[in-house]
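Remarks on the structure that follows.
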Amino acid sequence: MAFAFVFPGQGSQSVGMMQEYGDNAVIRDTFREASDALGQDLWQLCAEGPASELALTVNTQPLMLTAGIAVWRAWRAAGGSVPQWVAGHSLGEYAALVAAEVLTLTDAVPLVRLRAQAMQEAVPAGEGAMAAVMGLDAEAIAQACAEAAQGEVVSAANLNAPGQIVIAGAKAAVDRAITACKARGARRAVLLPVSAPFHCELMKPAAEKLQARLQDIAFAEPKIAVVNNVDVAVETRPEAIRDALVRQAWKPVRWTELVQWLVAQGAQAIAECGPGKVLAGMNKRIAAETTHLALADAASLQAALAQLNG
C-alpha cells in the first residue's frame with residue numbers, strides 16, 4: 001500500500017502526551033538525545049508541564065519535533081515500513097526532514113528553538129494576532145483580508161481544510177478582517193491564543209535569522225520524498241530545501257493542497273505520526289475517500305502496523 005506519514009506542529013502538545021505510548025525505550029532514548037542537544041530536560045517538561053511552560057513557543061517547537069521523531073523511531077523499531085512520502089504541518093516539516101535523514105535530530109532541535117525565538121521576537125507582544133475562520137472559502141477570506149488591511153499586514157496563514165482557514169497579521173488588521181469575514185458569511189471567526197502571528201509577512205525578520213543559521217547546518221539529500229508546505233513540492237537539493245524552510249516561516253501553510261497532492265500521487269493512506277489527532281481530523285475533511293490514521297498512542301501504532309505493513 002502506498003502511504004504517507006505527516007508530522008503535527010505547534011498546537012498538538014499537551015502535558016503527559018507521551019505517556020500514551022507506554023514505557024517505550026526508543027521514545028525515552030529519543031527524548032534523551034534531544035534533551036542533551038538542547039541542554040533542557042524535554043521529557044520532564046512533557047511529562048509534568050506545567051501547561052503554561054509547554055505552550056511557550058520556544059518550548060513547544062523543540063518538544064513537538066522530538067515527540068514526532070520519537071514516534072517515528074518507535075514505528076520503525078516495531079517493524080513499520082518506510083512511507084513513500086513524508087510531510088509536516090508548519091514546524092512538523094522539520095520532523096519530516098529528520099525522518100528523511102536530511103537533518104539529524106541533534107542539529108534540528110536547537111535549530112527549531114532558534115526558529116521559535118526568532119518568530120517570537122519578530123513582533124512585539126500584543127501587536128500581532130491570528131484568527132480561525134470557519135465556513136468561508138479561501139477567495140472570500142483573501143478579499144476580506146485585502147479590505148481589512150488598510151496599510152497593515154493581514155493574510156491567510158494556514159489553509160488547513162475546506163472551510164477551515166487561519167489568518168494572521170497586525171492585531172488591528174486581524175480584528176477588522178474578522179468583521180469582514182463575518183460580513184461575508186463566515187460561520188465563525190475567532191482570535192486564537194497564540195504568542196505571535198505566524199506565517200505572514202511580519203515574520204520576515206525571523207526568516208532572515210533562520211536563513212543565516214541554516215547556512216551553518218549540514219543538509220543531506222532526502223532518503224524519503226519530503227513534500228514541503230510552502231510550494232507543495234518535493235525538493236532533493238539541500239539548497240532548495242533550505243530556501244523552502246526560510247520562505248515557510250512567513251508564507252502560508254498550504255495544507256489542503258498538500259493532502260490533495262499526496263492523494264493525486266497515489267497515497268492510499270495518510271498517517272499522522274505523533275501525539276494527538278489534529279492532522280488526521282483535517283485530512284479526513286480534505287480527502288474523505290483516503291484512509292486516515294493517527295499514531296497517537298501505543299494501541300493505534302500497533303493497529304497502523306497491521307494496516308500499513310500488509
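Identifiers for the C-alpha cells are assigned positionally: chains receive A, B, ... in sequence, residues are indexed from 1 per chain, and ligands are indexed from 1 in the order shown.
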Please provide as a short mmCIF file (atom, residue, chain, number, x, y, z; two decimals) with all heavy atoms, in the first residue's frame all residues within 12 Å of Met282 (chain A), with the sequence filter that same-chain residues fewer than 6 positions apart are discarded (counting only C-alpha atoms).
```cif
data_model
loop_
_atom_site.label_atom_id
_atom_site.label_comp_id
_atom_site.auth_asym_id
_atom_site.auth_seq_id
_atom_site.Cartn_x
_atom_site.Cartn_y
_atom_site.Cartn_z
N VAL A 6 2.65 12.07 8.07
CA VAL A 6 2.65 13.53 8.25
C VAL A 6 2.85 13.82 9.75
O VAL A 6 2.34 13.11 10.61
CB VAL A 6 1.35 14.18 7.73
CG1 VAL A 6 1.28 14.03 6.21
CG2 VAL A 6 0.11 13.59 8.37
N PRO A 8 2.72 16.42 13.07
CA PRO A 8 2.00 17.60 13.58
C PRO A 8 2.94 18.71 14.01
O PRO A 8 4.13 18.49 14.26
CB PRO A 8 1.24 17.03 14.79
CG PRO A 8 2.07 15.87 15.26
CD PRO A 8 2.68 15.30 14.01
N HIS A 89 3.11 19.68 9.14
CA HIS A 89 2.36 20.93 9.20
C HIS A 89 3.23 21.98 9.88
O HIS A 89 3.54 21.86 11.06
CB HIS A 89 1.05 20.73 9.97
CG HIS A 89 0.12 21.91 9.89
ND1 HIS A 89 0.30 23.05 10.62
CD2 HIS A 89 -1.00 22.11 9.15
CE1 HIS A 89 -0.67 23.91 10.34
NE2 HIS A 89 -1.47 23.36 9.45
N ASN A 158 -2.73 29.66 7.49
CA ASN A 158 -2.85 28.20 7.44
C ASN A 158 -4.11 27.83 6.67
O ASN A 158 -5.22 28.08 7.15
CB ASN A 158 -2.97 27.58 8.85
CG ASN A 158 -1.76 27.83 9.71
OD1 ASN A 158 -0.67 28.10 9.22
ND2 ASN A 158 -1.93 27.74 11.02
N LEU A 159 -3.93 27.24 5.49
CA LEU A 159 -5.07 26.76 4.72
C LEU A 159 -5.25 25.29 5.10
O LEU A 159 -4.77 24.38 4.45
CB LEU A 159 -4.81 26.96 3.23
CG LEU A 159 -4.66 28.45 2.87
CD1 LEU A 159 -3.39 28.71 2.10
CD2 LEU A 159 -5.86 28.94 2.09
N ASN A 160 -5.93 25.08 6.22
CA ASN A 160 -5.92 23.77 6.89
C ASN A 160 -6.83 22.73 6.26
O ASN A 160 -6.48 21.56 6.17
CB ASN A 160 -6.30 23.94 8.36
CG ASN A 160 -5.17 24.53 9.17
OD1 ASN A 160 -4.00 24.37 8.82
ND2 ASN A 160 -5.50 25.22 10.25
N ALA A 161 -8.03 23.14 5.88
CA ALA A 161 -9.02 22.22 5.31
C ALA A 161 -10.13 23.08 4.70
O ALA A 161 -10.23 24.27 5.01
CB ALA A 161 -9.59 21.30 6.40
N PRO A 162 -10.96 22.49 3.85
CA PRO A 162 -12.07 23.28 3.30
C PRO A 162 -12.92 23.89 4.43
O PRO A 162 -13.36 23.19 5.34
CB PRO A 162 -12.87 22.24 2.51
CG PRO A 162 -11.85 21.20 2.12
CD PRO A 162 -10.92 21.13 3.30
N GLY A 163 -13.08 25.20 4.38
CA GLY A 163 -13.87 25.87 5.40
C GLY A 163 -13.15 26.04 6.72
O GLY A 163 -13.77 26.40 7.72
N GLN A 164 -11.85 25.82 6.75
CA GLN A 164 -11.07 25.97 8.00
C GLN A 164 -9.74 26.62 7.66
O GLN A 164 -8.79 25.95 7.26
CB GLN A 164 -10.86 24.62 8.66
CG GLN A 164 -10.15 24.73 10.01
CD GLN A 164 -9.90 23.37 10.66
OE1 GLN A 164 -10.55 22.39 10.34
NE2 GLN A 164 -8.94 23.31 11.55
N ILE A 165 -9.69 27.94 7.79
CA ILE A 165 -8.51 28.72 7.41
C ILE A 165 -8.15 29.65 8.56
O ILE A 165 -9.03 30.23 9.22
CB ILE A 165 -8.78 29.51 6.11
CG1 ILE A 165 -8.93 28.53 4.93
CG2 ILE A 165 -7.67 30.52 5.83
CD1 ILE A 165 -9.36 29.18 3.63
N TRP A 255 -1.84 23.39 3.50
CA TRP A 255 -2.09 22.00 3.91
C TRP A 255 -3.14 21.30 3.04
O TRP A 255 -2.98 20.14 2.67
CB TRP A 255 -2.50 21.93 5.38
CG TRP A 255 -2.42 20.53 5.88
CD1 TRP A 255 -3.46 19.69 6.17
CD2 TRP A 255 -1.22 19.78 6.11
NE1 TRP A 255 -2.97 18.46 6.57
CE2 TRP A 255 -1.60 18.49 6.54
CE3 TRP A 255 0.13 20.07 5.98
CZ2 TRP A 255 -0.67 17.50 6.85
CZ3 TRP A 255 1.06 19.09 6.28
CH2 TRP A 255 0.65 17.83 6.71
N THR A 256 -4.21 21.99 2.71
CA THR A 256 -5.25 21.38 1.89
C THR A 256 -4.67 20.89 0.57
O THR A 256 -4.89 19.74 0.16
CB THR A 256 -6.40 22.38 1.62
OG1 THR A 256 -6.96 22.79 2.88
CG2 THR A 256 -7.49 21.76 0.77
N GLU A 257 -3.89 21.75 -0.08
CA GLU A 257 -3.28 21.36 -1.36
C GLU A 257 -2.29 20.23 -1.19
O GLU A 257 -2.17 19.35 -2.06
CB GLU A 257 -2.56 22.57 -1.98
CG GLU A 257 -3.47 23.67 -2.47
CD GLU A 257 -2.65 24.88 -2.90
OE1 GLU A 257 -2.11 24.86 -4.02
OE2 GLU A 257 -2.54 25.83 -2.10
N LEU A 258 -1.57 20.23 -0.06
CA LEU A 258 -0.56 19.19 0.16
C LEU A 258 -1.22 17.81 0.26
O LEU A 258 -0.76 16.84 -0.35
CB LEU A 258 0.24 19.51 1.43
CG LEU A 258 1.49 18.67 1.69
CD1 LEU A 258 2.51 19.49 2.48
CD2 LEU A 258 1.18 17.39 2.46
N VAL A 259 -2.30 17.73 1.03
CA VAL A 259 -3.01 16.45 1.17
C VAL A 259 -3.61 16.02 -0.17
O VAL A 259 -3.54 14.85 -0.56
CB VAL A 259 -4.08 16.54 2.28
CG1 VAL A 259 -4.96 15.28 2.30
CG2 VAL A 259 -3.43 16.74 3.64
N GLN A 260 -4.17 16.98 -0.90
CA GLN A 260 -4.71 16.66 -2.23
C GLN A 260 -3.60 16.16 -3.17
O GLN A 260 -3.83 15.25 -3.96
CB GLN A 260 -5.40 17.90 -2.82
CG GLN A 260 -6.68 18.28 -2.10
CD GLN A 260 -7.21 19.65 -2.51
OE1 GLN A 260 -6.47 20.51 -3.00
NE2 GLN A 260 -8.50 19.88 -2.29
N ILE A 270 -2.88 8.02 4.77
CA ILE A 270 -2.06 9.08 5.34
C ILE A 270 -2.11 8.92 6.85
O ILE A 270 -3.19 8.90 7.44
CB ILE A 270 -2.57 10.48 4.92
CG1 ILE A 270 -2.56 10.62 3.39
CG2 ILE A 270 -1.72 11.58 5.56
CD1 ILE A 270 -3.19 11.91 2.88
N ALA A 271 -0.94 8.77 7.46
CA ALA A 271 -0.86 8.53 8.90
C ALA A 271 -0.19 9.70 9.61
O ALA A 271 0.88 10.13 9.21
CB ALA A 271 -0.09 7.24 9.17
N GLU A 272 -0.84 10.20 10.66
CA GLU A 272 -0.26 11.26 11.47
C GLU A 272 0.70 10.62 12.47
O GLU A 272 0.31 9.75 13.24
CB GLU A 272 -1.36 12.03 12.20
CG GLU A 272 -0.84 13.15 13.07
CD GLU A 272 -1.94 14.00 13.66
OE1 GLU A 272 -3.13 13.71 13.44
OE2 GLU A 272 -1.61 14.98 14.37
N ALA A 288 -11.82 12.54 1.97
CA ALA A 288 -12.64 11.57 2.71
C ALA A 288 -12.47 10.15 2.20
O ALA A 288 -12.65 9.18 2.94
CB ALA A 288 -14.11 11.98 2.65
N HIS A 292 -7.26 7.33 6.74
CA HIS A 292 -6.54 8.25 7.61
C HIS A 292 -6.32 7.61 8.97
O HIS A 292 -7.25 7.08 9.58
CB HIS A 292 -7.32 9.57 7.76
CG HIS A 292 -7.48 10.29 6.47
ND1 HIS A 292 -6.45 10.98 5.86
CD2 HIS A 292 -8.55 10.40 5.63
CE1 HIS A 292 -6.88 11.50 4.71
NE2 HIS A 292 -8.15 11.16 4.55
N LEU A 293 -5.07 7.66 9.43
CA LEU A 293 -4.69 7.05 10.69
C LEU A 293 -3.96 8.07 11.55
O LEU A 293 -3.43 9.06 11.04
CB LEU A 293 -3.75 5.86 10.45
CG LEU A 293 -4.21 4.79 9.46
CD1 LEU A 293 -3.07 3.85 9.13
CD2 LEU A 293 -5.38 4.02 10.02
N ALA A 294 -3.94 7.83 12.86
CA ALA A 294 -3.17 8.66 13.78
C ALA A 294 -2.43 7.75 14.75
O ALA A 294 -3.06 6.95 15.43
CB ALA A 294 -4.08 9.62 14.53
#
```
Please, which residues in region 252-301 of chain A fall within 12 Å of region 197-209 of chain A when counting only C-alpha atoms, and what is the closest atom pair and distance in Å to one decimal for each, ordered by chain then residue number, as a Markdown table?
```
| residue | atom | partner | partner_atom | distance |
| --- | --- | --- | --- | --- |
| A:Pro252 | CA | A:His199 | CA | 5.2 |
| A:Val253 | CA | A:His199 | CA | 7.2 |
| A:Arg254 | CA | A:His199 | CA | 10.6 |
```
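Interatomic distance, CA of Gly9 (chain A) to CA of Leu97 (chain A): 13.3 Å.
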Could you list, with a cut-off of 8 Å and counting only C-alpha atoms, the residues of region 79-99 of chain A near region 67-73 of chain A, each shown with its nearest atom pair and the distance in Å rounded to one decimal, rows sorted by chain and ascending number, as a Markdown table?
```
| residue | atom | partner | partner_atom | distance |
| --- | --- | --- | --- | --- |
| A:Gly92 | CA | A:Gly68 | CA | 7.8 |
| A:Ala95 | CA | A:Ile69 | CA | 6.1 |
| A:Val98 | CA | A:Ile69 | CA | 7.4 |
| A:Ala99 | CA | A:Ile69 | CA | 6.8 |
```
Checklist entry - In Å to one decimal, how far is CA of Ala96 (chain A) from CA of Leu65 (chain A)? => result 9.1 Å
Determine, using only C-alpha atoms, which residues of region 19-41 of chain A have any atom at most 10 Å from an atom of region 48-62 of chain A, and tabulate each with its shortest atom pair and distance in Å to one decimal place, rows ordered by chain and then rising number, as CSV.
```
residue,atom,partner,partner_atom,distance
A:Ala34,CA,A:Pro62,CA,8.2
A:Ser35,CA,A:Pro62,CA,9.3
A:Leu38,CA,A:Pro62,CA,8.5
A:Gln40,CA,A:Asn59,CA,9.6
```
Item to check | Distance criterion (only C-alpha atoms): nearest to Lys277 (chain A) out of A:Ala296, A:Cys145, A:Ala264, A:Ala100 | outcome: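 Smallest separation from Lys277 (chain A) among the options: A:Ala296.
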Once DSSP has gone over the backbone, tell me which residues of region 11-105 of chain A are in strand (DSSP E or B), as a PDB file with C-alpha atoms, in the first residue's frame.
```pdb
ATOM      1  CA  TRP A  85       6.261  10.400   1.290  1.00  0.00           C
ATOM      2  CA  VAL A  86       6.668  12.437   4.473  1.00  0.00           C
ATOM      3  CA  ALA A  87       5.434  15.946   5.228  1.00  0.00           C
ATOM      4  CA  GLY A  88       4.693  18.113   8.230  1.00  0.00           C
TER       5      GLY A  88
END
```
Checklist entry - Which residues, written as a PyMOL selection string, have at least one atom at most 8 Å from Ala298 (chain A), with only C-alpha atoms counted and residues fewer than 4 positions away on the same chain left out? => result chain A and resi 20-22+302
Can you spit out the residues from that selection as a PDB file, in the first residue's frame, using all heavy atoms?
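Below is the file that was written, part-v8.pdb:
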```pdb
ATOM      1  N   GLU A  20       0.922   8.088  26.622  1.00  0.00           N
ATOM      2  CA  GLU A  20       0.004   7.261  25.831  1.00  0.00           C
ATOM      3  C   GLU A  20       0.719   6.131  25.096  1.00  0.00           C
ATOM      4  O   GLU A  20       0.098   5.178  24.640  1.00  0.00           O
ATOM      5  CB  GLU A  20      -0.749   8.127  24.805  1.00  0.00           C
ATOM      6  CG  GLU A  20      -1.553   9.267  25.405  1.00  0.00           C
ATOM      7  CD  GLU A  20      -2.694   8.775  26.273  1.00  0.00           C
ATOM      8  OE1 GLU A  20      -3.274   7.719  25.974  1.00  0.00           O
ATOM      9  OE2 GLU A  20      -2.986   9.456  27.282  1.00  0.00           O
ATOM     10  N   TYR A  21       2.040   6.238  24.979  1.00  0.00           N
ATOM     11  CA  TYR A  21       2.807   5.226  24.248  1.00  0.00           C
ATOM     12  C   TYR A  21       3.418   4.168  25.175  1.00  0.00           C
ATOM     13  O   TYR A  21       4.144   3.286  24.718  1.00  0.00           O
ATOM     14  CB  TYR A  21       3.911   5.896  23.422  1.00  0.00           C
ATOM     15  CG  TYR A  21       3.360   6.833  22.363  1.00  0.00           C
ATOM     16  CD1 TYR A  21       3.222   8.195  22.633  1.00  0.00           C
ATOM     17  CD2 TYR A  21       2.951   6.367  21.119  1.00  0.00           C
ATOM     18  CE1 TYR A  21       2.704   9.068  21.676  1.00  0.00           C
ATOM     19  CE2 TYR A  21       2.439   7.229  20.164  1.00  0.00           C
ATOM     20  CZ  TYR A  21       2.311   8.579  20.446  1.00  0.00           C
ATOM     21  OH  TYR A  21       1.794   9.431  19.509  1.00  0.00           O
ATOM     22  N   GLY A  22       3.110   4.254  26.477  1.00  0.00           N
ATOM     23  CA  GLY A  22       3.656   3.290  27.416  1.00  0.00           C
ATOM     24  C   GLY A  22       5.126   3.546  27.683  1.00  0.00           C
ATOM     25  O   GLY A  22       5.690   4.578  27.311  1.00  0.00           O
ATOM     26  N   GLN A 302       0.173   0.090  16.960  1.00  0.00           N
ATOM     27  CA  GLN A 302       0.077  -1.336  16.622  1.00  0.00           C
ATOM     28  C   GLN A 302      -0.958  -1.580  15.532  1.00  0.00           C
ATOM     29  O   GLN A 302      -0.744  -2.386  14.623  1.00  0.00           O
ATOM     30  CB  GLN A 302      -0.271  -2.148  17.870  1.00  0.00           C
ATOM     31  CG  GLN A 302       0.855  -2.279  18.874  1.00  0.00           C
ATOM     32  CD  GLN A 302       2.076  -2.989  18.287  1.00  0.00           C
ATOM     33  OE1 GLN A 302       1.954  -3.982  17.578  1.00  0.00           O
ATOM     34  NE2 GLN A 302       3.259  -2.461  18.587  1.00  0.00           N
TER      35      GLN A 302
END
```
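Going from CA of Val227 (chain A) to CA of Ala140 (chain A) covers 27.1 Å.
Minimum distance to Gln211 (chain A) across A:Ala267, A:Leu245, A:Ala25, A:Ala170 (counting only C-alpha atoms) occurs at A:Leu245.
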